[in-house]
Amino acid sequence: MTTRRDCVSGYQAPSGSFTLKDIGNCSMNIFTHFEARFHEAAEALKAEGVLPADSNTASLTVEPPRDASHGDIASNAAMVLGKQAKMAPRDLAAHFARKLEADPDIAKLDIAGPGFINITLKPEFWPRLLKSILEGGDDYGRSARGQGAKVNVEYVSANPTGPMHVGHTRGAVFGDALSNLLAFTGHAVTREYYVNDAGAQVDVLARSAFMRYREALGEDIGAIPEGLYPGDYLQAVGEALAAEYGKRLHNMPEADWLPLVRAKSIEMMLDLIRTDLAALGIHHDVFFSERSLVEGKPNQVEETVEDLREQGLIYEGMLAPPKGKLPDDWEEREQTLFRATDFGDDVDRALVKSDGSYTYFASDMAYHRSKLRRGFAHMINVFGADHAGYVKRMNAAVAALSHGDADLDIKICQMVRLFRAGEPVKMSKRSGSFVTLREVVDEVGPGPVRFMMLHRKNDAMLDFDFAKVLEQSRDNPVFYVQYAHARAQSVMRNVQELAPKLETSGKDLAGARLELLQDEAELAVVKRLSHYPRIIESAAEAHEPHRIAFYLYELASEFHGLWNRGKELPHLRFIIDADREITRARAGLVVAVAQVIRSGLGILGVQPISEMR
RNA sequence: GCACCCAUAGCUCAGCUGGAUAGAGCGUUGCCCUCCGAAGGCAAAGGUCAGAGGUUCGAAUCCUCUUGGGUGCGCCA
């Protein structure tokens, strides 16, 4: 397993000062950098006998303190180790302080509160850090933490029976952004879509398309019968079938035309879905066919069941009826069951239907077995809220199939409620008045859709207001972050106007006299920038891309604050005509802010804008 | 009946996997600005973190129960 220490284990220069090279493989994360220092100090204290040799330092953390007056970096080292050392935390903290005070980057070391060790870094540390941020460019924040591990992210997986519904949007965006995030942190990500092309629903789809086929041949089909898909998006399928087959399908028995119509319908519906997803900038690497599991030779579902049977995880038995409301057609019967309860599920799960075919769960097990066999020890599934009930059984399945060697994290995206200027948008499946993904994207654009969908924790409900996401105010985070980026770009355009010869790339500005940035608000922005790698790593570890959206809002807020100071105090403006050196240094800060916003938006899959209009 | 998710300021929500005096936006109140470095700025008030126990140096965060809301609940996909 990867731990924070892994990425600094090769660190060789405990007495050297902080440079890009030293922590290059640590994504310039100053917190992991100093965490390594604390671990070194702990080792030294073990050697001295202050700490027991077998002390467990796993819960030692290094974080930014909540209150800026507490310095730049804080650690709980003395508090988590106090008990093991049989010492008062504050006394142990003094030992850590003794070990760390020689560090050339540390200006001040305080022991505070119950035993926190607070570190204030030397003023010259920050210009060096800003320089390394500028030199890092688009790679600033990137991390090797994933160590190239293969991760399979399955998301969307909507039934190929029609266009994408707005309800699919959140999971689609979430899965895509999470994939970006994991790729940015050194994982080998495969983006996968499971196509449910084997069940009864695609037969219904085929029959629905067949109606449209007859319609395309000129027949008056009247109303689409109950139970079939009425959507007019199937007209194109009917026409395509008519063009391809003429009247030949018409006189065939259903058993003959159904596979042909079904294949064509699924193909066209997947094209439709791919187009919808592309409108949001989403592209999967693999579209995995459920049908391929049962049609393949040998049948992979059978193989899966046999595997489990050999492990003694399959039995024939009866399930107790669910308590409370009993299904109308409940009949007790013996069935083939998977011992899901051995792996934390509530009940054992049926694998074979009464007609002898496999259940959806059986093929889902085979599907995850396929993922395992394709070398994925790490899997993430993004589900909608309506599938929350499947989490336990899927985890049980993966635990059984992998013998506990693989992990599956199922992320549930809660519902999205649509509003139009504060009024809920009514949606009714019965009347067919549902809002499609495409309508939302076409109305507000992909950027605002993506940002807003990621601006909530995935397991909390989300309100999406068509009016709000286009509003130009601080209240609208999409605007506020984009505005910061546009402002930064605007400053740089002005800089170039003033000094056309000045090189304004980040790499060039890394050579500016960044130590001239001494205003409190300027340093606050640099410090905020220093948090970025940490936000990235924690968001990746927790599988929570929304943290990036919130970070960007904070960064934008800090940047706007700096801009506003320039209004009150002209000497703090970014561009000082009479002082090229300070202008260049501030340009470096502005470019770094724009760079980090661009980087974060890139992970969220949002196109930054360079000019407000 | 059972399982899972949620509950934090008047409203909408963060809270970095257990840290210090719980944060932001909106709204409210009070000042400032009318500036194209535009699509405002500063400040203040506002909290029993749903409730009750427990775990420990320390809990909004972890455990148990209760209350209120959401989502599901034999072989459907």
# chains A, B, ... in the order shown; residues from 1 in each chain; ligands from 1
$ select_by_dssp --residues "segment 434-504 of chain A" --states "alpha helix (DSSP H)" --output "PDB file with N, CA and C atoms, in the first residue's frame"
ATOM      1  N   LEU A 437     -29.991  15.138 -20.642  1.00  0.00           N
ATOM      2  CA  LEU A 437     -28.655  15.689 -20.408  1.00  0.00           C
ATOM      3  C   LEU A 437     -28.357  16.758 -21.451  1.00  0.00           C
ATOM      4  N   ARG A 438     -28.743  16.447 -22.673  1.00  0.00           N
ATOM      5  CA  ARG A 438     -28.433  17.341 -23.776  1.00  0.00           C
ATOM      6  C   ARG A 438     -29.083  18.707 -23.624  1.00  0.00           C
ATOM      7  N   GLU A 439     -30.329  18.704 -23.139  1.00  0.00           N
ATOM      8  CA  GLU A 439     -31.023  19.982 -22.950  1.00  0.00           C
ATOM      9  C   GLU A 439     -30.291  20.865 -21.956  1.00  0.00           C
ATOM     10  N   VAL A 440     -29.843  20.250 -20.864  1.00  0.00           N
ATOM     11  CA  VAL A 440     -29.141  21.027 -19.838  1.00  0.00           C
ATOM     12  C   VAL A 440     -27.832  21.577 -20.385  1.00  0.00           C
ATOM     13  N   VAL A 441     -27.082  20.727 -21.058  1.00  0.00           N
ATOM     14  CA  VAL A 441     -25.786  21.162 -21.592  1.00  0.00           C
ATOM     15  C   VAL A 441     -25.972  22.253 -22.642  1.00  0.00           C
ATOM     16  N   ASP A 442     -26.965  22.068 -23.499  1.00  0.00           N
ATOM     17  CA  ASP A 442     -27.184  23.062 -24.549  1.00  0.00           C
ATOM     18  C   ASP A 442     -27.602  24.408 -23.963  1.00  0.00           C
ATOM     19  N   GLU A 443     -28.313  24.354 -22.848  1.00  0.00           N
ATOM     20  CA  GLU A 443     -28.803  25.612 -22.288  1.00  0.00           C
ATOM     21  C   GLU A 443     -27.728  26.395 -21.528  1.00  0.00           C
ATOM     22  N   VAL A 444     -26.917  25.702 -20.730  1.00  0.00           N
ATOM     23  CA  VAL A 444     -25.962  26.455 -19.898  1.00  0.00           C
ATOM     24  C   VAL A 444     -24.503  26.208 -20.251  1.00  0.00           C
ATOM     25  N   PRO A 446     -21.283  23.143 -21.135  1.00  0.00           N
ATOM     26  CA  PRO A 446     -20.720  22.012 -20.390  1.00  0.00           C
ATOM     27  C   PRO A 446     -19.959  22.423 -19.132  1.00  0.00           C
ATOM     28  N   GLY A 447     -19.272  23.559 -19.178  1.00  0.00           N
ATOM     29  CA  GLY A 447     -18.462  23.972 -18.028  1.00  0.00           C
ATOM     30  C   GLY A 447     -19.295  24.163 -16.772  1.00  0.00           C
ATOM     31  N   PRO A 448     -20.303  25.023 -16.843  1.00  0.00           N
ATOM     32  CA  PRO A 448     -21.141  25.213 -15.653  1.00  0.00           C
ATOM     33  C   PRO A 448     -21.802  23.914 -15.175  1.00  0.00           C
ATOM     34  N   VAL A 449     -22.243  23.075 -16.104  1.00  0.00           N
ATOM     35  CA  VAL A 449     -22.852  21.817 -15.691  1.00  0.00           C
ATOM     36  C   VAL A 449     -21.848  20.996 -14.895  1.00  0.00           C
ATOM     37  N   ARG A 450     -20.667  20.851 -15.444  1.00  0.00           N
ATOM     38  CA  ARG A 450     -19.666  20.020 -14.779  1.00  0.00           C
ATOM     39  C   ARG A 450     -19.282  20.598 -13.428  1.00  0.00           C
ATOM     40  N   PHE A 451     -19.019  21.890 -13.389  1.00  0.00           N
ATOM     41  CA  PHE A 451     -18.580  22.485 -12.130  1.00  0.00           C
ATOM     42  C   PHE A 451     -19.646  22.330 -11.055  1.00  0.00           C
ATOM     43  N   MET A 452     -20.888  22.628 -11.399  1.00  0.00           N
ATOM     44  CA  MET A 452     -21.949  22.554 -10.389  1.00  0.00           C
ATOM     45  C   MET A 452     -22.177  21.122  -9.913  1.00  0.00           C
ATOM     46  N   MET A 453     -22.059  20.168 -10.833  1.00  0.00           N
ATOM     47  CA  MET A 453     -22.255  18.776 -10.445  1.00  0.00           C
ATOM     48  C   MET A 453     -21.153  18.315  -9.491  1.00  0.00           C
ATOM     49  N   PRO A 477     -20.299  29.907  -7.868  1.00  0.00           N
ATOM     50  CA  PRO A 477     -18.883  29.513  -7.837  1.00  0.00           C
ATOM     51  C   PRO A 477     -18.265  29.339  -9.222  1.00  0.00           C
ATOM     52  N   VAL A 478     -19.051  28.904 -10.189  1.00  0.00           N
ATOM     53  CA  VAL A 478     -18.516  28.737 -11.542  1.00  0.00           C
ATOM     54  C   VAL A 478     -18.008  30.067 -12.052  1.00  0.00           C
ATOM     55  N   PHE A 479     -18.868  31.052 -11.950  1.00  0.00           N
ATOM     56  CA  PHE A 479     -18.482  32.388 -12.402  1.00  0.00           C
ATOM     57  C   PHE A 479     -17.285  32.909 -11.623  1.00  0.00           C
ATOM     58  N   TYR A 480     -17.341  32.751 -10.328  1.00  0.00           N
ATOM     59  CA  TYR A 480     -16.339  33.350  -9.466  1.00  0.00           C
ATOM     60  C   TYR A 480     -14.934  32.811  -9.757  1.00  0.00           C
ATOM     61  N   VAL A 481     -14.858  31.520  -9.995  1.00  0.00           N
ATOM     62  CA  VAL A 481     -13.561  30.904 -10.302  1.00  0.00           C
ATOM     63  C   VAL A 481     -13.109  31.297 -11.706  1.00  0.00           C
ATOM     64  N   GLN A 482     -14.040  31.238 -12.642  1.00  0.00           N
ATOM     65  CA  GLN A 482     -13.692  31.616 -14.014  1.00  0.00           C
ATOM     66  C   GLN A 482     -13.266  33.084 -14.093  1.00  0.00           C
ATOM     67  N   TYR A 483     -13.947  33.897 -13.313  1.00  0.00           N
ATOM     68  CA  TYR A 483     -13.638  35.319 -13.306  1.00  0.00           C
ATOM     69  C   TYR A 483     -12.209  35.547 -12.820  1.00  0.00           C
ATOM     70  N   ALA A 484     -11.818  34.805 -11.811  1.00  0.00           N
ATOM     71  CA  ALA A 484     -10.453  34.940 -11.297  1.00  0.00           C
ATOM     72  C   ALA A 484      -9.447  34.610 -12.399  1.00  0.00           C
ATOM     73  N   HIS A 485      -9.727  33.545 -13.129  1.00  0.00           N
ATOM     74  CA  HIS A 485      -8.817  33.160 -14.201  1.00  0.00           C
ATOM     75  C   HIS A 485      -8.783  34.226 -15.292  1.00  0.00           C
ATOM     76  N   ALA A 486      -9.955  34.709 -15.656  1.00  0.00           N
ATOM     77  CA  ALA A 486     -10.030  35.732 -16.697  1.00  0.00           C
ATOM     78  C   ALA A 486      -9.310  36.998 -16.240  1.00  0.00           C
ATOM     79  N   ARG A 487      -9.476  37.349 -14.975  1.00  0.00           N
ATOM     80  CA  ARG A 487      -8.807  38.528 -14.443  1.00  0.00           C
ATOM     81  C   ARG A 487      -7.294  38.375 -14.533  1.00  0.00           C
ATOM     82  N   ALA A 488      -6.823  37.202 -14.168  1.00  0.00           N
ATOM     83  CA  ALA A 488      -5.380  36.948 -14.226  1.00  0.00           C
ATOM     84  C   ALA A 488      -4.888  37.096 -15.663  1.00  0.00           C
ATOM     85  N   GLN A 489      -5.646  36.543 -16.586  1.00  0.00           N
ATOM     86  CA  GLN A 489      -5.249  36.637 -17.988  1.00  0.00           C
ATOM     87  C   GLN A 489      -5.271  38.091 -18.459  1.00  0.00           C
ATOM     88  N   SER A 490      -6.252  38.827 -17.952  1.00  0.00           N
ATOM     89  CA  SER A 490      -6.379  40.223 -18.329  1.00  0.00           C
ATOM     90  C   SER A 490      -5.186  41.030 -17.826  1.00  0.00           C
ATOM     91  N   VAL A 491      -4.745  40.730 -16.593  1.00  0.00           N
ATOM     92  CA  VAL A 491      -3.564  41.392 -16.064  1.00  0.00           C
ATOM     93  C   VAL A 491      -2.372  41.109 -16.971  1.00  0.00           C
ATOM     94  N   MET A 492      -2.247  39.867 -17.372  1.00  0.00           N
ATOM     95  CA  MET A 492      -1.090  39.505 -18.190  1.00  0.00           C
ATOM     96  C   MET A 492      -1.140  40.178 -19.561  1.00  0.00           C
ATOM     97  N   ARG A 493      -2.344  40.366 -20.081  1.00  0.00           N
ATOM     98  CA  ARG A 493      -2.445  41.098 -21.355  1.00  0.00           C
ATOM     99  C   ARG A 493      -1.955  42.530 -21.165  1.00  0.00           C
ATOM    100  N   ASN A 494      -2.334  43.120 -20.021  1.00  0.00           N
ATOM    101  CA  ASN A 494      -1.892  44.492 -19.744  1.00  0.00           C
ATOM    102  C   ASN A 494      -0.387  44.565 -19.516  1.00  0.00           C
ATOM    103  N   VAL A 495       0.146  43.552 -18.869  1.00  0.00           N
ATOM    104  CA  VAL A 495       1.593  43.522 -18.643  1.00  0.00           C
ATOM    105  C   VAL A 495       2.311  43.527 -19.988  1.00  0.00           C
ATOM    106  N   GLN A 496       1.797  42.751 -20.894  1.00  0.00           N
ATOM    107  CA  GLN A 496       2.473  42.649 -22.190  1.00  0.00           C
ATOM    108  C   GLN A 496       2.373  43.935 -22.984  1.00  0.00           C
ATOM    109  N   GLU A 497       1.265  44.638 -22.748  1.00  0.00           N
ATOM    110  CA  GLU A 497       1.103  45.911 -23.429  1.00  0.00           C
ATOM    111  C   GLU A 497       2.147  46.906 -22.920  1.00  0.00           C
ATOM    112  N   LEU A 498       2.342  46.846 -21.599  1.00  0.00           N
ATOM    113  CA  LEU A 498       3.294  47.755 -20.972  1.00  0.00           C
ATOM    114  C   LEU A 498       4.724  47.401 -21.352  1.00  0.00           C
TER     115      LEU A 498
END
$ interface_residues --of "chain B" --to "chain A" --cutoff "12 Å" --atoms "only C-alpha atoms (C1' of nucleotides)" --output "ChimeraX atom specification"
/B:1-7,12-27,32-33,35,37-42,56-58,69-77
$ atom_distance --atom1 "atom CA of Arg207 of chain A" --atom2 "atom CA of Ala255 of chain A"
11.2 Å
$ select_by_dssp --residues "segment 433-579 of chain A" --states "strand (DSSP E or B)" --output "PyMOL selection string"
chain A and resi 436+462-465
$ write_last_selection --atoms "N, CA and C atoms" --output "PDB file, in the first residue's frame"
ATOM      1  N   THR A 436     -33.485  15.975 -20.605  1.00  0.00           N
ATOM      2  CA  THR A 436     -32.328  15.186 -21.043  1.00  0.00           C
ATOM      3  C   THR A 436     -31.029  15.916 -20.692  1.00  0.00           C
ATOM      4  N   LEU A 462     -28.195  17.427  -4.449  1.00  0.00           N
ATOM      5  CA  LEU A 462     -27.676  18.610  -5.123  1.00  0.00           C
ATOM      6  C   LEU A 462     -28.807  19.343  -5.826  1.00  0.00           C
ATOM      7  N   ASP A 463     -28.836  20.644  -5.625  1.00  0.00           N
ATOM      8  CA  ASP A 463     -29.814  21.474  -6.338  1.00  0.00           C
ATOM      9  C   ASP A 463     -29.111  22.166  -7.494  1.00  0.00           C
ATOM     10  N   PHE A 464     -29.694  22.027  -8.664  1.00  0.00           N
ATOM     11  CA  PHE A 464     -29.104  22.647  -9.851  1.00  0.00           C
ATOM     12  C   PHE A 464     -30.094  23.663 -10.394  1.00  0.00           C
ATOM     13  N   ASP A 465     -29.670  24.923 -10.393  1.00  0.00           N
ATOM     14  CA  ASP A 465     -30.569  25.983 -10.853  1.00  0.00           C
ATOM     15  C   ASP A 465     -30.036  26.561 -12.162  1.00  0.00           C
TER      16      ASP A 465
END
$ residues_around --residues "Gly227 of chain A" --least-positions-apart "4" --cutoff "12 Å" --atoms "only C-alpha atoms (C1' of nucleotides)" --output "ChimeraX atom specification"
/A:200-201,203-205,207-208,223,231,430
$ atom_distance --atom1 "atom CA of Gly71 of chain A" --atom2 "atom CA of Leu109 of chain A"
8.7 Å
$ residues_around --residues "G30 of chain B" --least-positions-apart "4" --cutoff "12 Å" --atoms "only C-alpha atoms (C1' of nucleotides)" --output "PyMOL selection string"
chain B and resi 42-45
$ atom_distance --atom1 "atom CA of Gln147 of chain A" --atom2 "atom CA of Ile536 of chain A"
15.2 Å
$ decode --residues "segment 390-435 of chain A" --atoms "N, CA and C atoms" --output "CSV table (one decimal), in the first residue's frame"
chain,number,residue,atom,x,y,z
A,390,TYR,N,-27.3,-1.9,-3.8
A,390,TYR,CA,-26.4,-3.0,-4.5
A,390,TYR,C,-25.0,-3.0,-4.0
A,391,VAL,N,-24.7,-2.0,-3.1
A,391,VAL,CA,-23.3,-1.8,-2.7
A,391,VAL,C,-22.8,-3.0,-1.9
A,392,LYS,N,-23.6,-3.5,-1.0
A,392,LYS,CA,-23.1,-4.6,-0.2
A,392,LYS,C,-22.9,-5.9,-1.0
A,393,ARG,N,-23.8,-6.2,-1.9
A,393,ARG,CA,-23.6,-7.4,-2.6
A,393,ARG,C,-22.5,-7.3,-3.6
A,394,MET,N,-22.3,-6.1,-4.2
A,394,MET,CA,-21.1,-6.0,-5.1
A,394,MET,C,-19.8,-6.1,-4.3
A,395,ASN,N,-19.7,-5.5,-3.2
A,395,ASN,CA,-18.5,-5.7,-2.4
A,395,ASN,C,-18.3,-7.1,-2.0
A,396,ALA,N,-19.4,-7.8,-1.7
A,396,ALA,CA,-19.3,-9.2,-1.3
A,396,ALA,C,-18.8,-10.0,-2.5
A,397,ALA,N,-19.3,-9.7,-3.7
A,397,ALA,CA,-18.9,-10.4,-4.9
A,397,ALA,C,-17.4,-10.2,-5.1
A,398,VAL,N,-16.9,-9.0,-5.1
A,398,VAL,CA,-15.5,-8.7,-5.3
A,398,VAL,C,-14.6,-9.4,-4.3
A,399,ALA,N,-15.1,-9.3,-3.0
A,399,ALA,CA,-14.3,-10.0,-2.0
A,399,ALA,C,-14.2,-11.5,-2.2
A,400,ALA,N,-15.3,-12.1,-2.7
A,400,ALA,CA,-15.2,-13.5,-2.9
A,400,ALA,C,-14.4,-13.8,-4.1
A,401,LEU,N,-14.6,-13.1,-5.2
A,401,LEU,CA,-13.9,-13.4,-6.5
A,401,LEU,C,-12.4,-13.1,-6.4
A,402,SER,N,-12.0,-12.1,-5.6
A,402,SER,CA,-10.6,-11.8,-5.6
A,402,SER,C,-9.9,-12.4,-4.4
A,403,HIS,N,-10.6,-13.2,-3.6
A,403,HIS,CA,-10.1,-13.7,-2.3
A,403,HIS,C,-9.5,-12.6,-1.4
A,404,GLY,N,-10.2,-11.5,-1.5
A,404,GLY,CA,-9.8,-10.4,-0.6
A,404,GLY,C,-8.6,-9.6,-1.1
A,405,ASP,N,-8.1,-9.9,-2.3
A,405,ASP,CA,-6.9,-9.2,-2.8
A,405,ASP,C,-7.2,-7.9,-3.6
A,406,ALA,N,-8.5,-7.6,-3.8
A,406,ALA,CA,-8.8,-6.5,-4.6
A,406,ALA,C,-9.7,-5.6,-3.8
A,407,ASP,N,-9.8,-4.3,-4.2
A,407,ASP,CA,-10.8,-3.4,-3.5
A,407,ASP,C,-11.7,-2.8,-4.5
A,408,LEU,N,-12.9,-2.6,-4.0
A,408,LEU,CA,-14.0,-2.0,-4.8
A,408,LEU,C,-14.5,-0.8,-4.0
A,409,ASP,N,-14.5,0.4,-4.5
A,409,ASP,CA,-15.1,1.5,-3.8
A,409,ASP,C,-16.3,1.9,-4.6
A,410,ILE,N,-17.5,1.8,-4.1
A,410,ILE,CA,-18.7,2.2,-4.8
A,410,ILE,C,-19.1,3.6,-4.3
A,411,LYS,N,-19.1,4.6,-5.3
A,411,LYS,CA,-19.5,5.9,-5.0
A,411,LYS,C,-20.9,6.1,-5.4
A,412,ILE,N,-21.7,6.6,-4.4
A,412,ILE,CA,-23.1,6.8,-4.7
A,412,ILE,C,-23.3,8.3,-5.0
A,413,CYS,N,-23.9,8.6,-6.1
A,413,CYS,CA,-24.2,10.0,-6.4
A,413,CYS,C,-25.7,10.2,-6.1
A,414,GLN,N,-26.0,11.1,-5.2
A,414,GLN,CA,-27.3,11.4,-4.8
A,414,GLN,C,-28.1,12.1,-5.9
A,415,MET,N,-29.3,12.3,-5.7
A,415,MET,CA,-30.2,12.9,-6.8
A,415,MET,C,-29.9,14.4,-7.0
A,416,VAL,N,-30.2,14.8,-8.2
A,416,VAL,CA,-30.1,16.2,-8.5
A,416,VAL,C,-31.5,16.7,-8.7
A,417,ARG,N,-31.8,17.8,-8.0
A,417,ARG,CA,-33.1,18.5,-8.2
A,417,ARG,C,-32.9,19.7,-9.1
A,418,LEU,N,-33.7,19.8,-10.1
A,418,LEU,CA,-33.6,20.9,-11.0
A,418,LEU,C,-34.5,22.0,-10.7
A,419,PHE,N,-33.9,23.2,-10.8
A,419,PHE,CA,-34.7,24.4,-10.5
A,419,PHE,C,-34.5,25.4,-11.6
A,420,ARG,N,-35.5,26.2,-11.8
A,420,ARG,CA,-35.4,27.3,-12.8
A,420,ARG,C,-35.7,28.6,-12.0
A,421,ALA,N,-34.7,29.4,-11.7
A,421,ALA,CA,-34.9,30.6,-10.9
A,421,ALA,C,-35.7,30.3,-9.7
A,422,GLY,N,-35.3,29.3,-9.0
A,422,GLY,CA,-35.8,29.0,-7.7
A,422,GLY,C,-37.0,28.1,-7.7
A,423,GLU,N,-37.6,27.9,-8.9
A,423,GLU,CA,-38.8,27.0,-9.0
A,423,GLU,C,-38.4,25.6,-9.4
A,424,PRO,N,-38.9,24.6,-8.7
A,424,PRO,CA,-38.5,23.3,-9.1
A,424,PRO,C,-39.1,22.9,-10.5
A,425,VAL,N,-38.2,22.3,-11.3
A,425,VAL,CA,-38.6,21.8,-12.6
A,425,VAL,C,-39.4,20.5,-12.5
A,426,LYS,N,-40.6,20.5,-12.9
A,426,LYS,CA,-41.4,19.3,-12.8
A,426,LYS,C,-41.0,18.3,-13.8
A,427,MET,N,-40.8,17.0,-13.4
A,427,MET,CA,-40.5,16.0,-14.3
A,427,MET,C,-41.4,14.8,-14.1
A,428,SER,N,-41.9,14.3,-15.2
A,428,SER,CA,-42.8,13.1,-15.0
A,428,SER,C,-42.4,12.1,-16.0
A,429,LYS,N,-42.1,10.9,-15.6
A,429,LYS,CA,-41.8,9.9,-16.5
A,429,LYS,C,-43.0,9.5,-17.3
A,430,ARG,N,-44.2,9.5,-16.7
A,430,ARG,CA,-45.4,9.0,-17.4
A,430,ARG,C,-45.6,9.9,-18.6
A,431,SER,N,-45.6,11.2,-18.4
A,431,SER,CA,-45.9,12.0,-19.6
A,431,SER,C,-44.6,12.2,-20.5
A,432,GLY,N,-43.5,11.6,-20.1
A,432,GLY,CA,-42.4,11.7,-20.9
A,432,GLY,C,-41.7,13.0,-20.9
A,433,SER,N,-42.1,13.9,-19.9
A,433,SER,CA,-41.5,15.2,-19.8
A,433,SER,C,-40.3,15.2,-19.0
A,434,PHE,N,-39.3,14.3,-19.2
A,434,PHE,CA,-38.1,14.4,-18.5
A,434,PHE,C,-37.1,15.2,-19.2
A,435,VAL,N,-36.2,15.8,-18.4
A,435,VAL,CA,-35.2,16.6,-19.0
A,435,VAL,C,-34.0,15.8,-19.4
